Amino acid sequence: MSQILVKNIGLLVTNNPSLGSTQLGILKNAALLAENGQITWVGDSQSAPTAQNVIDADGKCVIPGFVDSHTHLIFAGDRSNEFSARMAGQSYAAGGIADTVTKTRAATDDDLLANANRLIHESLHSGTTTIEIKSGYGLTVIDEERSLKIAKQLTPETTFLGAHVVPSEFKAKSNDYVDLVCGQMLNQAKPYAKWIDVFCDRGAFTPEQGRKILTAGIAAGLKPRIHANQLEQGDAVALAVELGCASVDHLTYFNQSDIEKLANSKTVATLLPGAEFSTRSKYPDARKLIDAGITVAIASDCNPGSSYTTSMPLMIALAVREMFFTPEQALWSATKGGALALQREDVGHLSIGAKADFVILRESSYIHLAYRPGVNLVEQVFLHGKSI
Ligand code: NIG
Ligand code: FE
């Protein structure tokens, strides 16, 4: 049996309100015990059990590992020139995706795996212990299938996003492409995917096409989620709620009716502050969602176009500064919120029975994640009870 006790934790965030104070379930002067990759004991450091391996957290803060519920890690190349042009005044449109599609199709499986592995390594070292990965830069049957095969080697949270944009060979024939996505592409993608997603926005797919794609995915046994309202307010939130999407992602734009629909549903609203940052777009005000009782997650959206970062600490800092989250809400949304967006009960919290995925910060409080932006505050990351 592998055992590890972390003692002298100044501030332990469990995300379980029955274990401690506030929504974060905070315990002071705490300890936690992990056995065989699971949390088996949480409590006062003074009364901690003995264990094979003991780590002294020296008064620092321990939090659940981040759950990054939205990334696009299967791609080749980068678009730094596009970013530079944008910072010089060009606006972001879904069109840049085509450039990454060309490079991804030309890459070998080994290249795609190596690039994704590099990014996973980066994200793990910044405290992300659960990650979702989408396809969506292949956009042919073969390239979507191999993207998901690669993603599945890296995480169980894989998403088929054949409906990212309409590829150039289907220009002016988008309904034919939708048929391909719903037919042969879905058939070959589904053994490797848990989720189905569609980019329902200006320049991508219409809500009618989105409905067709998500419905086909659900019939094939995949669970739905959606990219919506990144570029403009549309009908995608209504569609997502109607189809029972686990999450609506982006929500740069939303209106009162979207708020009401989400508030009366189980659909999580996932905000992606990295996309607003890197496309220099206006940030949505998260208070409007949180105050309406909507479950809100934050994720990195890591991709080479609109958000080329794996850093969840940066997402927390941006969410607090630009989207009006409190530091407490932002930490919750980056951990428990992400877990809810992926419908996972075993991660995003440090209750007994949960996966022993946690992070020792270099500081005494999680507030520093927003208060000290751009500084690496991750001292040690534990994945399934093992220090990485
Ligand atoms: O989530 N919104 C659509 N897809 C990505 C952007 C992809 C890209 O620009 O390459 C996103 O931001
Ligand atoms: Fe995305």
# chains A, B, ... in the order shown; residues from 1 in each chain; ligands from 1
$ residues_around --residues "range 330-341 of chain A" --least-positions-apart "3" --cutoff "6 Å" --atoms "only C-alpha atoms" --output "list in words"
Phe66, Val67, Ser69, Ala246, Ser247, Val268, Val296, Ala297, Ile298, Ile316, Phe325, Pro327, Arg344 and Gly348 of chain A
$ residues_near_ligand --ligand "ligand 2" --cutoff "8 Å" --atoms "only C-alpha atoms and all ligand atoms" --output "number ranges by chain"
A: 70-72, 227, 249-250, 301-303
$ residues_near_ligand --ligand "ligand 1" --cutoff "10 Å" --atoms "only C-alpha atoms and all ligand atoms" --output "MDAnalysis selection string"
chainID A and resid 70:72 75 78:79 82 92:101 134 136:137 161 163:165 198:202 204 226:231 249:250 272 274:276 278:279 300:308
$ residues_around --residues "range 125-129 of chain A" --least-positions-apart "2" --cutoff "10 Å" --atoms "only C-alpha atoms" --output "PyMOL selection string"
chain A and resi 63-68+119-123+131+310-314+334-335+347-348+355-361+376-384+388
$ write_last_selection --atoms "N, CA and C atoms" --output "short mmCIF file (atom, residue, chain, number, x, y, z; two decimals), in the first residue's frame"
data_model
loop_
_atom_site.label_atom_id
_atom_site.label_comp_id
_atom_site.auth_asym_id
_atom_site.auth_seq_id
_atom_site.Cartn_x
_atom_site.Cartn_y
_atom_site.Cartn_z
N ILE A 63 -4.50 22.94 -2.06
CA ILE A 63 -5.77 23.04 -2.80
C ILE A 63 -5.98 21.78 -3.64
N PRO A 64 -7.21 21.51 -4.07
CA PRO A 64 -7.41 20.41 -5.02
C PRO A 64 -6.69 20.74 -6.33
N GLY A 65 -6.21 19.75 -7.05
CA GLY A 65 -5.63 20.01 -8.38
C GLY A 65 -6.66 20.68 -9.27
N PHE A 66 -6.19 21.50 -10.20
CA PHE A 66 -7.12 22.17 -11.10
C PHE A 66 -7.75 21.17 -12.07
N VAL A 67 -9.01 21.43 -12.41
CA VAL A 67 -9.70 20.62 -13.40
C VAL A 67 -9.92 21.52 -14.62
N ASP A 68 -9.11 21.31 -15.64
CA ASP A 68 -9.20 22.14 -16.85
C ASP A 68 -10.15 21.44 -17.82
N LEU A 119 2.41 19.88 -23.75
CA LEU A 119 1.44 20.79 -23.12
C LEU A 119 0.84 20.19 -21.85
N ILE A 120 0.63 18.86 -21.85
CA ILE A 120 0.13 18.19 -20.64
C ILE A 120 1.15 18.35 -19.51
N HIS A 121 2.41 18.18 -19.86
CA HIS A 121 3.49 18.30 -18.87
C HIS A 121 3.47 19.71 -18.28
N GLU A 122 3.34 20.69 -19.17
CA GLU A 122 3.26 22.10 -18.75
C GLU A 122 2.08 22.32 -17.80
N SER A 123 0.94 21.76 -18.17
CA SER A 123 -0.26 22.03 -17.37
C SER A 123 -0.19 21.32 -16.02
N ILE A 131 -7.68 16.93 -17.09
CA ILE A 131 -7.75 17.79 -18.29
C ILE A 131 -8.65 17.16 -19.34
N THR A 310 -1.62 27.02 -20.90
CA THR A 310 -2.17 25.92 -20.10
C THR A 310 -2.35 26.34 -18.64
N SER A 311 -2.12 27.61 -18.34
CA SER A 311 -2.01 28.02 -16.95
C SER A 311 -3.35 28.32 -16.27
N MET A 312 -3.79 27.43 -15.41
CA MET A 312 -5.00 27.71 -14.64
C MET A 312 -4.78 28.82 -13.59
N PRO A 313 -3.58 28.94 -12.98
CA PRO A 313 -3.38 30.11 -12.12
C PRO A 313 -3.58 31.43 -12.86
N LEU A 314 -3.16 31.49 -14.12
CA LEU A 314 -3.41 32.72 -14.90
C LEU A 314 -4.91 32.92 -15.11
N ALA A 334 -12.30 26.82 -10.82
CA ALA A 334 -11.17 26.17 -11.50
C ALA A 334 -10.94 24.74 -11.01
N THR A 335 -11.68 24.34 -9.99
CA THR A 335 -11.49 23.00 -9.42
C THR A 335 -12.83 22.25 -9.44
N VAL A 347 -13.08 14.09 -8.61
CA VAL A 347 -12.01 15.09 -8.66
C VAL A 347 -12.58 16.47 -8.34
N GLY A 348 -11.67 17.44 -8.13
CA GLY A 348 -12.13 18.81 -7.88
C GLY A 348 -12.42 19.08 -6.42
N LYS A 355 -10.08 11.32 -5.54
CA LYS A 355 -8.71 11.09 -6.03
C LYS A 355 -7.77 12.02 -5.26
N ALA A 356 -6.61 11.48 -4.90
CA ALA A 356 -5.63 12.30 -4.16
C ALA A 356 -4.84 13.16 -5.14
N ASP A 357 -5.54 14.10 -5.76
CA ASP A 357 -4.95 15.05 -6.72
C ASP A 357 -4.95 16.41 -6.02
N PHE A 358 -3.77 16.87 -5.63
CA PHE A 358 -3.74 18.15 -4.90
C PHE A 358 -2.42 18.88 -5.13
N VAL A 359 -2.43 20.12 -4.73
CA VAL A 359 -1.29 21.00 -4.99
C VAL A 359 -0.89 21.70 -3.69
N ILE A 360 0.40 21.68 -3.39
CA ILE A 360 0.90 22.51 -2.29
C ILE A 360 1.38 23.82 -2.92
N LEU A 361 0.80 24.92 -2.48
CA LEU A 361 1.21 26.24 -2.99
C LEU A 361 2.42 26.75 -2.19
N ASN A 376 5.04 31.79 -10.35
CA ASN A 376 4.77 30.36 -10.17
C ASN A 376 4.61 30.04 -8.68
N LEU A 377 3.40 29.82 -8.25
CA LEU A 377 3.13 29.55 -6.84
C LEU A 377 2.93 28.06 -6.56
N VAL A 378 3.11 27.24 -7.57
CA VAL A 378 2.89 25.80 -7.40
C VAL A 378 4.19 25.16 -6.90
N GLU A 379 4.18 24.70 -5.64
CA GLU A 379 5.39 24.12 -5.08
C GLU A 379 5.50 22.63 -5.41
N GLN A 380 4.39 21.90 -5.22
CA GLN A 380 4.42 20.46 -5.45
C GLN A 380 3.04 20.00 -5.89
N VAL A 381 3.02 19.13 -6.89
CA VAL A 381 1.75 18.62 -7.41
C VAL A 381 1.69 17.12 -7.13
N PHE A 382 0.57 16.66 -6.62
CA PHE A 382 0.34 15.24 -6.37
C PHE A 382 -0.76 14.74 -7.28
N LEU A 383 -0.45 13.71 -8.04
CA LEU A 383 -1.43 13.11 -8.95
C LEU A 383 -1.67 11.69 -8.46
N HIS A 384 -2.91 11.37 -8.15
CA HIS A 384 -3.27 10.05 -7.60
C HIS A 384 -2.32 9.68 -6.44
N ILE A 388 4.66 14.54 -8.46
CA ILE A 388 5.16 14.43 -9.86
C ILE A 388 6.50 15.16 -10.00
#
$ atom_distance --atom1 "CA of Tyr371 in chain A" --atom2 "CA of Glu328 in chain A"
11.9 Å
